[in-house]
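Novice: So that you have it, the file is target_1.txt, and it contains compact mmCIF, C-alpha atoms and all ligand atoms:
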# COMPACT_ATOMS: atom_id res chain seq x y z
CA MET A 1 41.15 35.06 -29.56
CA ILE A 2 43.16 35.31 -32.75
CA VAL A 3 45.12 38.50 -33.11
CA GLY A 4 45.46 39.65 -36.68
CA GLY A 5 48.24 41.66 -38.23
CA GLY A 6 48.03 45.28 -39.21
CA GLY A 7 48.81 47.07 -42.47
CA GLY A 8 52.08 46.19 -44.14
CA GLY A 9 52.04 42.63 -42.75
CA PRO A 10 51.87 39.40 -44.72
CA ALA A 11 49.37 38.94 -47.55
CA PRO A 12 45.94 37.65 -46.45
CA LEU A 13 45.22 33.99 -45.85
CA ALA A 14 43.27 32.11 -48.52
CA VAL A 15 40.59 29.97 -46.83
CA THR A 16 38.73 27.15 -48.56
CA LEU A 17 35.56 25.66 -47.10
CA GLY A 18 36.09 22.10 -48.34
CA GLU A 19 33.05 19.89 -48.88
CA PRO A 20 29.92 22.11 -49.04
CA SER A 21 27.79 19.45 -47.32
CA GLY A 22 30.22 19.41 -44.37
CA VAL A 23 30.97 21.78 -41.50
CA GLY A 24 33.68 23.90 -43.15
CA ALA A 25 31.21 26.64 -44.08
CA ASP A 26 29.48 26.49 -40.68
CA ILE A 27 32.73 26.99 -38.82
CA VAL A 28 34.00 29.90 -40.90
CA LEU A 29 30.62 31.60 -40.50
CA MET A 30 30.55 30.93 -36.76
CA LEU A 31 34.06 32.30 -36.32
CA LYS A 32 33.18 35.44 -38.24
CA ALA A 33 29.86 35.92 -36.41
CA ALA A 34 31.58 35.77 -33.00
CA LYS A 35 32.24 39.46 -32.64
CA ALA A 36 34.86 38.98 -29.91
CA GLU A 37 36.90 37.03 -32.43
CA ARG A 38 39.53 38.99 -34.34
CA LEU A 39 40.58 36.95 -37.32
CA PRO A 40 43.77 37.73 -39.20
CA PRO A 41 43.39 39.21 -42.70
CA LEU A 42 41.81 36.52 -44.83
CA PHE A 43 39.45 35.87 -47.70
CA VAL A 44 37.21 32.89 -48.35
CA LEU A 45 36.98 31.18 -51.73
CA ALA A 46 33.33 30.16 -52.01
CA ASP A 47 30.11 30.34 -53.96
CA PRO A 48 28.42 33.37 -52.33
CA ALA A 49 24.92 31.89 -52.76
CA MET A 50 25.92 28.63 -51.07
CA LEU A 51 27.55 30.46 -48.17
CA ALA A 52 24.62 32.85 -47.75
CA ALA A 53 22.21 29.89 -47.67
CA ARG A 54 24.25 28.23 -44.91
CA ALA A 55 24.37 31.48 -42.94
CA ASP A 56 20.59 31.66 -43.26
CA ARG A 57 20.19 28.05 -42.10
CA LEU A 58 22.38 28.77 -39.06
CA GLY A 59 20.47 31.96 -38.24
CA LEU A 60 23.59 34.07 -38.74
CA THR A 61 22.43 36.28 -41.61
CA ASP A 62 21.97 39.33 -39.39
CA ARG A 63 25.36 38.86 -37.80
CA ILE A 64 27.52 38.54 -40.90
CA ARG A 65 28.15 40.93 -43.74
CA PHE A 66 29.84 39.56 -46.84
CA GLU A 67 32.02 41.77 -49.01
CA VAL A 68 32.63 40.27 -52.42
CA ILE A 69 36.15 40.95 -53.66
CA ALA A 70 37.63 40.53 -57.12
CA ALA A 71 41.22 39.77 -56.12
CA PRO A 72 43.13 38.78 -52.95
CA GLU A 73 44.61 42.29 -52.69
CA ASP A 74 41.10 43.69 -52.15
CA ALA A 75 40.83 41.84 -48.82
CA ALA A 76 42.96 44.55 -47.23
CA GLY A 77 40.20 47.11 -47.87
CA VAL A 78 37.40 45.03 -46.35
CA ASP A 79 36.00 46.21 -42.99
CA ALA A 80 37.15 44.10 -40.06
CA ASP A 81 33.54 43.16 -39.28
CA ALA A 82 32.85 41.85 -42.81
CA LEU A 83 33.89 38.56 -44.41
CA ALA A 84 35.91 38.98 -47.62
CA LEU A 85 34.53 36.58 -50.21
CA LEU A 86 36.26 35.75 -53.48
CA PRO A 87 33.56 34.08 -55.62
CA LEU A 88 34.22 30.76 -57.30
CA GLN A 89 33.38 30.39 -60.96
CA SER A 90 31.72 27.04 -60.17
CA ARG A 91 28.27 27.02 -58.59
CA GLN A 92 27.62 24.99 -55.45
CA THR A 93 24.36 23.98 -53.80
CA GLU A 94 23.75 23.99 -50.07
CA THR A 95 22.74 20.50 -48.92
CA PRO A 96 24.16 19.82 -45.45
CA GLY A 97 24.92 16.16 -44.84
CA THR A 98 24.49 15.13 -48.47
CA PRO A 99 27.39 15.54 -50.89
CA GLN A 100 26.38 16.53 -54.42
CA PRO A 101 28.59 15.36 -57.30
CA ALA A 102 28.04 18.71 -59.03
CA ASN A 103 29.71 20.50 -56.10
CA GLY A 104 33.05 18.74 -56.65
CA ALA A 105 34.28 21.17 -59.29
CA GLY A 106 33.94 24.13 -56.92
CA THR A 107 35.69 22.29 -54.10
CA ILE A 108 38.67 21.61 -56.35
CA GLU A 109 38.58 25.10 -57.90
CA ALA A 110 38.90 26.65 -54.44
CA ILE A 111 42.00 24.58 -53.67
CA ASP A 112 43.55 25.26 -57.09
CA ARG A 113 43.05 29.00 -56.87
CA GLY A 114 44.11 29.21 -53.23
CA VAL A 115 47.37 27.41 -54.02
CA GLY A 116 47.88 29.62 -57.09
CA PHE A 117 47.50 32.75 -54.96
CA CYS A 118 50.05 31.40 -52.45
CA LEU A 119 52.53 30.55 -55.20
CA ASP A 120 52.12 34.08 -56.62
CA GLY A 121 52.61 35.65 -53.20
CA ARG A 122 49.07 37.13 -53.26
CA ALA A 123 48.08 34.98 -50.26
CA SER A 124 50.51 34.15 -47.47
CA ALA A 125 49.06 30.71 -46.70
CA ILE A 126 46.14 28.45 -47.52
CA VAL A 127 43.86 27.14 -44.78
CA THR A 128 41.75 24.31 -46.13
CA GLY A 129 38.36 23.15 -44.90
CA PRO A 130 37.79 19.38 -44.88
CA ILE A 131 36.93 17.63 -48.12
CA ASP A 132 34.88 14.46 -48.50
CA LYS A 133 37.53 12.32 -50.12
CA LYS A 134 35.20 9.64 -51.45
CA ALA A 135 32.82 12.25 -52.89
CA LEU A 136 35.74 13.74 -54.83
CA TYR A 137 37.05 10.32 -55.93
CA ASP A 138 33.58 9.66 -57.33
CA VAL A 139 33.89 12.69 -59.61
CA GLY A 140 37.35 11.75 -60.84
CA PHE A 141 39.70 13.31 -58.26
CA ARG A 142 42.81 11.16 -58.48
CA HIS A 143 44.65 12.21 -55.32
CA PRO A 144 44.29 10.56 -51.88
CA GLY A 145 43.77 13.89 -50.10
CA HIS A 146 44.78 17.54 -49.93
CA THR A 147 48.29 16.64 -48.81
CA GLU A 148 49.16 14.80 -51.98
CA TYR A 149 47.17 17.15 -54.24
CA LEU A 150 48.88 20.26 -52.88
CA ALA A 151 52.26 18.66 -53.57
CA GLU A 152 51.14 17.89 -57.11
CA LEU A 153 50.01 21.48 -57.68
CA CYS A 154 53.25 22.89 -56.26
CA SER A 155 55.36 20.42 -58.25
CA ARG A 156 53.57 21.42 -61.47
CA ALA A 157 54.57 25.02 -60.78
CA GLY A 158 58.20 24.33 -59.89
CA ALA A 159 60.58 21.63 -58.66
CA PRO A 160 59.05 18.34 -57.47
CA VAL A 161 58.20 18.40 -53.78
CA MET A 162 57.48 15.66 -51.29
CA PRO A 163 54.66 16.46 -48.86
CA VAL A 164 54.88 15.53 -45.20
CA MET A 165 51.76 15.51 -43.00
CA LEU A 166 52.20 16.98 -39.53
CA LEU A 167 49.49 16.89 -36.87
CA THR A 168 50.41 19.38 -34.20
CA GLY A 169 48.61 20.09 -30.94
CA PRO A 170 49.41 21.46 -27.50
CA GLN A 171 50.48 18.08 -26.13
CA LEU A 172 51.71 16.13 -29.14
CA SER A 173 53.02 16.65 -32.66
CA CYS A 174 53.37 13.71 -34.99
CA VAL A 175 54.11 12.85 -38.59
CA PRO A 176 52.95 9.71 -40.42
CA VAL A 177 55.67 8.52 -42.84
CA THR A 178 53.16 6.69 -45.02
CA ILE A 179 49.92 8.62 -45.38
CA HIS A 180 46.73 7.68 -47.20
CA ILE A 181 47.45 4.09 -48.16
CA PRO A 182 45.86 0.81 -47.10
CA LEU A 183 47.40 -0.66 -43.96
CA ALA A 184 48.27 -3.82 -45.89
CA ASP A 185 50.54 -1.78 -48.19
CA VAL A 186 52.52 -0.09 -45.39
CA PRO A 187 55.35 -2.63 -44.95
CA ALA A 188 56.14 -2.64 -48.66
CA GLN A 189 56.07 1.15 -48.99
CA LEU A 190 58.08 1.82 -45.86
CA THR A 191 61.70 2.23 -46.92
CA THR A 192 64.78 3.60 -45.22
CA GLU A 193 64.92 6.32 -47.90
CA LEU A 194 61.31 7.38 -47.27
CA ILE A 195 61.86 7.61 -43.51
CA VAL A 196 65.08 9.60 -43.97
CA ALA A 197 63.46 11.98 -46.48
CA THR A 198 60.43 12.50 -44.22
CA CYS A 199 62.62 13.25 -41.22
CA ARG A 200 64.87 15.63 -43.16
CA ILE A 201 61.83 17.65 -44.31
CA THR A 202 60.35 17.62 -40.82
CA ALA A 203 63.59 18.80 -39.23
CA ALA A 204 64.09 21.52 -41.86
CA ASP A 205 60.53 22.88 -41.59
CA TYR A 206 60.66 22.81 -37.80
CA ARG A 207 63.82 24.86 -38.02
CA ASN A 208 62.71 27.27 -40.75
CA ARG A 209 58.98 27.58 -40.17
CA LEU A 210 58.08 26.39 -36.70
CA GLY A 211 60.80 28.09 -34.68
CA ILE A 212 62.61 25.04 -33.21
CA ALA A 213 66.26 25.22 -34.20
CA ARG A 214 67.17 21.64 -33.31
CA PRO A 215 63.98 19.58 -33.12
CA ARG A 216 64.08 16.26 -31.30
CA LEU A 217 62.58 13.50 -33.46
CA ALA A 218 61.31 10.26 -31.89
CA VAL A 219 60.98 7.59 -34.57
CA SER A 220 58.50 4.82 -33.85
CA GLY A 221 58.83 1.16 -34.69
CA LEU A 222 56.35 -0.59 -36.94
CA ASN A 223 55.81 -3.87 -35.10
CA PRO A 224 54.82 -4.57 -31.48
CA HIS A 225 57.71 -3.68 -29.14
CA ALA A 226 59.59 -2.26 -32.15
CA GLY A 227 60.01 -5.80 -33.41
CA GLU A 228 61.51 -7.25 -30.19
CA LYS A 229 64.98 -7.29 -31.80
CA GLY A 230 63.73 -9.05 -34.91
CA ALA A 231 61.59 -11.67 -33.17
CA ILE A 232 58.26 -9.92 -34.05
CA GLY A 233 58.86 -8.56 -37.52
CA ARG A 234 61.93 -7.49 -39.46
CA GLU A 235 61.20 -3.87 -40.52
CA ASP A 236 62.25 -2.23 -37.24
CA GLU A 237 65.85 -3.46 -37.47
CA ALA A 238 66.17 -3.76 -41.25
CA VAL A 239 64.42 -0.56 -42.39
CA ILE A 240 63.86 1.87 -39.51
CA ARG A 241 67.08 1.58 -37.48
CA PRO A 242 69.31 2.26 -40.52
CA ALA A 243 67.25 5.40 -41.21
CA VAL A 244 67.79 6.65 -37.66
CA ASP A 245 71.52 5.94 -38.00
CA ILE A 246 71.69 8.00 -41.23
CA LEU A 247 69.80 10.88 -39.60
CA LYS A 248 72.07 10.88 -36.55
CA ALA A 249 75.13 10.89 -38.77
CA GLU A 250 73.74 14.01 -40.47
CA GLY A 251 73.38 15.74 -37.12
CA ILE A 252 69.60 15.40 -36.87
CA ASP A 253 68.49 14.69 -33.31
CA ALA A 254 66.64 11.41 -33.90
CA VAL A 255 66.09 8.38 -31.66
CA GLY A 256 64.42 5.07 -32.42
CA PRO A 257 62.93 2.81 -33.39
CA LEU A 258 60.82 3.21 -30.25
CA PRO A 259 57.97 0.86 -29.31
CA ALA A 260 54.87 2.80 -30.37
CA ASP A 261 52.79 1.72 -27.38
CA THR A 262 55.05 3.44 -24.86
CA MET A 263 56.04 6.62 -26.69
CA PHE A 264 52.89 8.69 -26.20
CA HIS A 265 52.48 8.86 -22.40
CA PRO A 266 53.40 12.21 -20.83
CA PRO A 267 56.98 11.50 -19.63
CA ALA A 268 57.81 9.93 -23.02
CA ARG A 269 56.34 12.94 -24.89
CA ALA A 270 58.49 15.29 -22.84
CA ARG A 271 61.58 13.79 -24.48
CA TYR A 272 60.78 14.82 -28.07
CA ASP A 273 59.29 17.60 -30.18
CA VAL A 274 57.76 15.42 -32.88
CA ALA A 275 56.94 11.74 -33.18
CA ILE A 276 57.71 10.19 -36.56
CA CYS A 277 55.18 7.39 -37.01
CA MET A 278 55.14 4.68 -39.64
CA TYR A 279 51.51 4.87 -40.76
CA HIS A 280 48.47 7.16 -40.67
CA ASP A 281 46.63 5.84 -37.62
CA GLN A 282 49.78 5.30 -35.54
CA ALA A 283 50.16 9.10 -35.68
CA LEU A 284 46.59 10.34 -35.88
CA ILE A 285 45.01 8.22 -33.15
CA PRO A 286 47.15 9.68 -30.34
CA ALA A 287 46.98 13.19 -31.84
CA LYS A 288 43.20 13.27 -32.13
CA THR A 289 42.65 11.43 -28.84
CA LEU A 290 44.75 13.89 -26.87
CA ALA A 291 43.41 17.09 -28.46
CA PHE A 292 40.76 16.64 -31.16
CA ASP A 293 39.62 20.24 -30.77
CA GLU A 294 43.01 21.91 -30.89
CA THR A 295 45.17 19.87 -33.22
CA VAL A 296 46.12 21.32 -36.60
CA ASN A 297 47.12 19.50 -39.76
CA VAL A 298 50.10 21.18 -41.45
CA THR A 299 51.64 20.10 -44.75
CA LEU A 300 55.41 20.33 -44.52
CA GLY A 301 57.79 20.20 -47.47
CA LEU A 302 55.82 22.56 -49.70
CA PRO A 303 56.97 25.93 -51.04
CA ILE A 304 53.74 27.33 -49.55
CA ILE A 305 52.20 27.29 -46.06
CA ARG A 306 49.14 25.07 -45.66
CA THR A 307 47.19 24.32 -42.50
CA SER A 308 43.86 22.65 -41.89
CA PRO A 309 41.69 21.57 -38.96
CA ASP A 310 42.36 17.97 -37.89
CA HIS A 311 38.75 16.89 -38.24
CA GLY A 312 36.81 15.78 -41.28
CA THR A 313 33.59 17.00 -42.83
CA ALA A 314 31.42 16.02 -39.82
CA ALA A 315 28.52 15.75 -42.25
CA ASP A 316 26.30 14.35 -39.48
CA ILE A 317 26.20 17.77 -37.79
CA ALA A 318 26.60 20.12 -40.79
CA GLY A 319 24.09 22.95 -40.84
CA THR A 320 23.10 22.43 -37.18
CA GLY A 321 25.42 24.94 -35.51
CA ARG A 322 26.89 22.16 -33.34
CA ALA A 323 30.31 22.07 -35.00
CA ARG A 324 33.10 23.13 -32.67
CA PRO A 325 35.29 25.76 -34.36
CA ASP A 326 38.42 25.32 -32.22
CA SER A 327 40.59 23.27 -34.57
CA PHE A 328 39.76 25.51 -37.57
CA ARG A 329 40.50 28.55 -35.41
CA ALA A 330 43.83 27.01 -34.40
CA ALA A 331 44.61 26.26 -38.07
CA ILE A 332 43.99 29.90 -39.01
CA ALA A 333 46.10 31.13 -36.10
CA LEU A 334 49.00 28.81 -36.92
CA ALA A 335 48.94 29.70 -40.63
CA TRP A 336 49.12 33.38 -39.72
CA LYS A 337 51.92 32.80 -37.21
CA MET A 338 53.93 30.85 -39.80
CA ALA A 339 53.28 33.51 -42.45
CA ALA A 340 54.31 36.30 -40.12
CA SER A 341 57.54 34.57 -39.16
CA GLU A 342 58.31 33.84 -42.81
CA ALA A 343 57.70 37.50 -43.68
CA ALA A 344 59.90 38.62 -40.78
CA ALA A 345 62.69 36.25 -41.88
CA LYS A 346 62.60 37.70 -45.42
CA HIS A 347 63.10 41.20 -44.04
CA ARG A 348 66.05 40.26 -41.81
N1 LIG B 1 41.63 17.52 -44.22
C1 LIG B 1 40.56 16.90 -44.74
O1 LIG B 1 40.11 17.27 -45.78
C2 LIG B 1 39.97 15.74 -44.00
C3 LIG B 1 38.85 15.15 -44.53
N2 LIG B 1 38.30 14.07 -43.89
C4 LIG B 1 37.09 13.52 -44.53
O2 LIG B 1 35.97 13.74 -43.69
C5 LIG B 1 34.98 12.75 -43.94
C6 LIG B 1 34.42 12.25 -42.64
O3 LIG B 1 35.44 11.64 -41.89
P1 LIG B 1 35.25 11.02 -40.43
O4 LIG B 1 36.26 9.97 -40.28
O5 LIG B 1 33.84 10.71 -40.19
O6 LIG B 1 35.74 12.16 -39.43
P2 LIG B 1 35.05 13.51 -38.94
O7 LIG B 1 36.12 14.26 -38.25
O8 LIG B 1 34.35 14.19 -40.03
O9 LIG B 1 33.93 13.06 -37.89
C7 LIG B 1 34.15 12.18 -36.81
C8 LIG B 1 33.19 12.52 -35.66
O10 LIG B 1 33.63 13.71 -35.04
C9 LIG B 1 32.62 14.72 -35.11
N3 LIG B 1 33.26 16.00 -35.41
C10 LIG B 1 34.20 16.22 -36.35
N4 LIG B 1 34.53 17.50 -36.38
C11 LIG B 1 33.79 18.11 -35.44
C12 LIG B 1 33.69 19.48 -35.00
N5 LIG B 1 34.42 20.47 -35.52
N6 LIG B 1 32.80 19.75 -34.01
C13 LIG B 1 32.06 18.78 -33.46
N7 LIG B 1 32.12 17.48 -33.85
C14 LIG B 1 32.98 17.16 -34.82
C15 LIG B 1 31.67 14.30 -36.21
O11 LIG B 1 30.38 14.85 -36.02
C16 LIG B 1 31.75 12.79 -36.14
O12 LIG B 1 30.86 12.33 -35.16
C17 LIG B 1 35.67 11.70 -44.81
O13 LIG B 1 35.22 11.88 -46.12
C18 LIG B 1 37.13 12.03 -44.72
O14 LIG B 1 37.81 11.72 -45.89
C19 LIG B 1 38.78 13.57 -42.74
C20 LIG B 1 39.89 14.16 -42.16
C21 LIG B 1 40.56 15.29 -42.74
N1 LIG B 2 43.09 12.09 -41.51
C1 LIG B 2 43.84 13.21 -41.94
C2 LIG B 2 43.49 13.53 -43.29
O1 LIG B 2 42.79 12.80 -43.94
C3 LIG B 2 44.03 14.77 -43.84
O2 LIG B 2 43.86 14.73 -45.18
P1 LIG B 2 44.31 15.90 -46.15
O3 LIG B 2 44.68 17.06 -45.33
O4 LIG B 2 45.47 15.32 -46.90
O5 LIG B 2 43.13 16.10 -47.01
Would you put the structure from the file into structure tokens?
Ligand SMILES: NC(=O)C1=CN([C@@H]2O[C@H](COP(=O)(O)OP(=O)(O)OC[C@H]3O[C@@H](n4cnc5c(N)ncnc54)[C@H](O)[C@@H]3O)[C@@H](O)[C@H]2O)C=CC1
Ligand SMILES: NCC(=O)COP(=O)(O)O
Specialist:
Amino acid sequence: MIVGGGGGGPAPLAVTLGEPSGVGADIVLMLKAAKAERLPPLFVLADPAMLAARADRLGLTDRIRFEVIAAPEDAAGVDADALALLPLQSRQTETPGTPQPANGAGTIEAIDRGVGFCLDGRASAIVTGPIDKKALYDVGFRHPGHTEYLAELCSRAGAPVMPVMLLTGPQLSCVPVTIHIPLADVPAQLTTELIVATCRITAADYRNRLGIARPRLAVSGLNPHAGEKGAIGREDEAVIRPAVDILKAEGIDAVGPLPADTMFHPPARARYDVAICMYHDQALIPAKTLAFDETVNVTLGLPIIRTSPDHGTAADIAGTGRARPDSFRAAIALAWKMAASEAAAKHR
């Protein structure tokens, strides 16, 4: 059960549903319809007609009351048993399992406005539902995913920021240094500077936002056996080890490069708070294998708080009621926890 804050707490969370043909809408509706569930103060950016159609499809119409609001501040006045809905200007159609190009504008509008509300302090965090990346690329979206797009939006509004993707679950937290790029491009894009910058942001956000004063970072190698001292690839000694040396000299608790195949079993995990991995799947395979239902995707390095479930659109089960809500629930809970601790820190 998620325990929400009372009056005078942080601003509400802005929640986007992501791809309308995916399970984002299903899960938000299911969470709201579960009466034992107390969600923190939040509002959903959505096309009311699309969301009502999905509620109807899921047989939840009698169990959910929508209250349309005009501004984030109005969410505070919405009854706890109703879902605060901030309407999008774009219209979206409800076609589970089948992305519609015309829905792309609304998906992007929700992210843009949610980020804007966070930057203005009118929302305390954004929790994003999964987008269908290819569907958005097909309508001209030029960013690999939310992570990079959120950094672009925040950079446009202020100083340039570098986003860092963190997958965090009960048994494992890990960060991929390179994110949404082809595997073949990883060695060329992996630099000592990128690893150092990623680790500095991770260590700072762990300290300032995740409540671990001196996080222990375990930095993976790139090649089998972390390169076997240069015999199986050069990057581990030439690129990764110098990064770890720089981090240690700065007082960051970092070890590595560690062979990736032996750093995820339980005794190895007990020795660190976060694994710094060299590419997307090196991080996300262990994270999703250990706890697909509970892991949360957090974007570090931003001036705003952003969390997301770890799963994708699950278009194969959208509109069926079979989507498990646990990761989205955990993303909402973590966003609220981070927002509350940020608000508390400001008042100290
Ligand atoms: N943060 C985001 O916006 C993310 C978006 N995606 C996007 O999602 C789309 C589909 O990606 P896939 O690799 O197929 O991963 P996926 O996570 O959507 O689905 C993989 C499998 O897990 C199941 N599954 C996923 N979430 C579930 C849930 N909550 N309950 C029950 N079963 C669930 C699906 O039904 C499917 O069988 C892609 O377009 C991808 O780009 C993927 C990851 C994150
Ligand atoms: N596989 C994780 C993922 O794709 C997350 O993407 P996003 O949060 O950057 O959209």
Novice: Give me, as a PDB file with C-alpha atoms, in the coordinates of the input, the set of residues whose atoms come within 9 Å of any atom of ligand LIG 1 (chain B), counting all atoms listed in the file.
Specialist:
ATOM      1  CA  GLY A  18      36.090  22.100 -48.340  1.00  0.00           C
ATOM      2  CA  GLU A  19      33.050  19.890 -48.880  1.00  0.00           C
ATOM      3  CA  GLY A  22      30.220  19.410 -44.370  1.00  0.00           C
ATOM      4  CA  VAL A  23      30.970  21.780 -41.500  1.00  0.00           C
ATOM      5  CA  GLY A  24      33.680  23.900 -43.150  1.00  0.00           C
ATOM      6  CA  ILE A  27      32.730  26.990 -38.820  1.00  0.00           C
ATOM      7  CA  THR A 128      41.750  24.310 -46.130  1.00  0.00           C
ATOM      8  CA  GLY A 129      38.360  23.150 -44.900  1.00  0.00           C
ATOM      9  CA  PRO A 130      37.790  19.380 -44.880  1.00  0.00           C
ATOM     10  CA  ILE A 131      36.930  17.630 -48.120  1.00  0.00           C
ATOM     11  CA  ASP A 132      34.880  14.460 -48.500  1.00  0.00           C
ATOM     12  CA  LYS A 133      37.530  12.320 -50.120  1.00  0.00           C
ATOM     13  CA  LYS A 134      35.200   9.640 -51.450  1.00  0.00           C
ATOM     14  CA  ALA A 135      32.820  12.250 -52.890  1.00  0.00           C
ATOM     15  CA  LEU A 136      35.740  13.740 -54.830  1.00  0.00           C
ATOM     16  CA  PRO A 144      44.290  10.560 -51.880  1.00  0.00           C
ATOM     17  CA  GLY A 145      43.770  13.890 -50.100  1.00  0.00           C
ATOM     18  CA  HIS A 146      44.780  17.540 -49.930  1.00  0.00           C
ATOM     19  CA  THR A 147      48.290  16.640 -48.810  1.00  0.00           C
ATOM     20  CA  PHE A 292      40.760  16.640 -31.160  1.00  0.00           C
ATOM     21  CA  ASP A 293      39.620  20.240 -30.770  1.00  0.00           C
ATOM     22  CA  ASN A 297      47.120  19.500 -39.760  1.00  0.00           C
ATOM     23  CA  THR A 307      47.190  24.320 -42.500  1.00  0.00           C
ATOM     24  CA  SER A 308      43.860  22.650 -41.890  1.00  0.00           C
ATOM     25  CA  PRO A 309      41.690  21.570 -38.960  1.00  0.00           C
ATOM     26  CA  ASP A 310      42.360  17.970 -37.890  1.00  0.00           C
ATOM     27  CA  HIS A 311      38.750  16.890 -38.240  1.00  0.00           C
ATOM     28  CA  GLY A 312      36.810  15.780 -41.280  1.00  0.00           C
ATOM     29  CA  THR A 313      33.590  17.000 -42.830  1.00  0.00           C
ATOM     30  CA  ALA A 314      31.420  16.020 -39.820  1.00  0.00           C
ATOM     31  CA  ALA A 315      28.520  15.750 -42.250  1.00  0.00           C
ATOM     32  CA  ASP A 316      26.300  14.350 -39.480  1.00  0.00           C
ATOM     33  CA  ILE A 317      26.200  17.770 -37.790  1.00  0.00           C
ATOM     34  CA  ALA A 318      26.600  20.120 -40.790  1.00  0.00           C
ATOM     35  CA  ARG A 322      26.890  22.160 -33.340  1.00  0.00           C
ATOM     36  CA  ALA A 323      30.310  22.070 -35.000  1.00  0.00           C
ATOM     37  CA  ARG A 324      33.100  23.130 -32.670  1.00  0.00           C
ATOM     38  CA  PRO A 325      35.290  25.760 -34.360  1.00  0.00           C
ATOM     39  CA  ASP A 326      38.420  25.320 -32.220  1.00  0.00           C
ATOM     40  CA  SER A 327      40.590  23.270 -34.570  1.00  0.00           C
ATOM     41  CA  PHE A 328      39.760  25.510 -37.570  1.00  0.00           C
TER      42      PHE A 328
END
Novice: What is the CA of Ala125 (chain A)-CA of Pro40 (chain A) distance in Å, reported with one decimal?
Specialist: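 These two atoms are separated by 11.6 Å.
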Novice: Give me the residues near Arg54 (chain A) as a VMD selection string, where near means some atom within 12 Å (using all atoms listed in the file) and where sequence neighbours in that chain fewer than 6 positions away do not count.
Specialist: chain A and resid 17 20 to 30 46 to 48 60 to 61 64 92 to 96 318 to 321
Novice: Using only C-alpha atoms, please write the residues we just selected to a file, as a PDB file, keeping the file's coordinate frame.
Specialist:
ATOM      1  CA  LEU A  17      35.560  25.660 -47.100  1.00  0.00           C
ATOM      2  CA  PRO A  20      29.920  22.110 -49.040  1.00  0.00           C
ATOM      3  CA  SER A  21      27.790  19.450 -47.320  1.00  0.00           C
ATOM      4  CA  GLY A  22      30.220  19.410 -44.370  1.00  0.00           C
ATOM      5  CA  VAL A  23      30.970  21.780 -41.500  1.00  0.00           C
ATOM      6  CA  GLY A  24      33.680  23.900 -43.150  1.00  0.00           C
ATOM      7  CA  ALA A  25      31.210  26.640 -44.080  1.00  0.00           C
ATOM      8  CA  ASP A  26      29.480  26.490 -40.680  1.00  0.00           C
ATOM      9  CA  ILE A  27      32.730  26.990 -38.820  1.00  0.00           C
ATOM     10  CA  VAL A  28      34.000  29.900 -40.900  1.00  0.00           C
ATOM     11  CA  LEU A  29      30.620  31.600 -40.500  1.00  0.00           C
ATOM     12  CA  MET A  30      30.550  30.930 -36.760  1.00  0.00           C
ATOM     13  CA  ALA A  46      33.330  30.160 -52.010  1.00  0.00           C
ATOM     14  CA  ASP A  47      30.110  30.340 -53.960  1.00  0.00           C
ATOM     15  CA  PRO A  48      28.420  33.370 -52.330  1.00  0.00           C
ATOM     16  CA  LEU A  60      23.590  34.070 -38.740  1.00  0.00           C
ATOM     17  CA  THR A  61      22.430  36.280 -41.610  1.00  0.00           C
ATOM     18  CA  ILE A  64      27.520  38.540 -40.900  1.00  0.00           C
ATOM     19  CA  GLN A  92      27.620  24.990 -55.450  1.00  0.00           C
ATOM     20  CA  THR A  93      24.360  23.980 -53.800  1.00  0.00           C
ATOM     21  CA  GLU A  94      23.750  23.990 -50.070  1.00  0.00           C
ATOM     22  CA  THR A  95      22.740  20.500 -48.920  1.00  0.00           C
ATOM     23  CA  PRO A  96      24.160  19.820 -45.450  1.00  0.00           C
ATOM     24  CA  ALA A 318      26.600  20.120 -40.790  1.00  0.00           C
ATOM     25  CA  GLY A 319      24.090  22.950 -40.840  1.00  0.00           C
ATOM     26  CA  THR A 320      23.100  22.430 -37.180  1.00  0.00           C
ATOM     27  CA  GLY A 321      25.420  24.940 -35.510  1.00  0.00           C
TER      28      GLY A 321
END
Novice: So the first atom is CA of Arg200 (chain A) and the second is CA of Leu247 (chain A); what is the distance between them in Å, to one decimal place?
Specialist: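 Between CA of Arg200 (chain A) and CA of Leu247 (chain A) the gap works out to 7.7 Å.
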Novice: Between A:Gly211, A:Gly77, A:Tyr137, A:His143, which one has atoms that come closest to Ala345 (chain A), using all atoms listed in the file?
Specialist: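 Once distances to Ala345 (chain A) are computed over all atoms listed in the file, the minimum belongs to A:Gly211.
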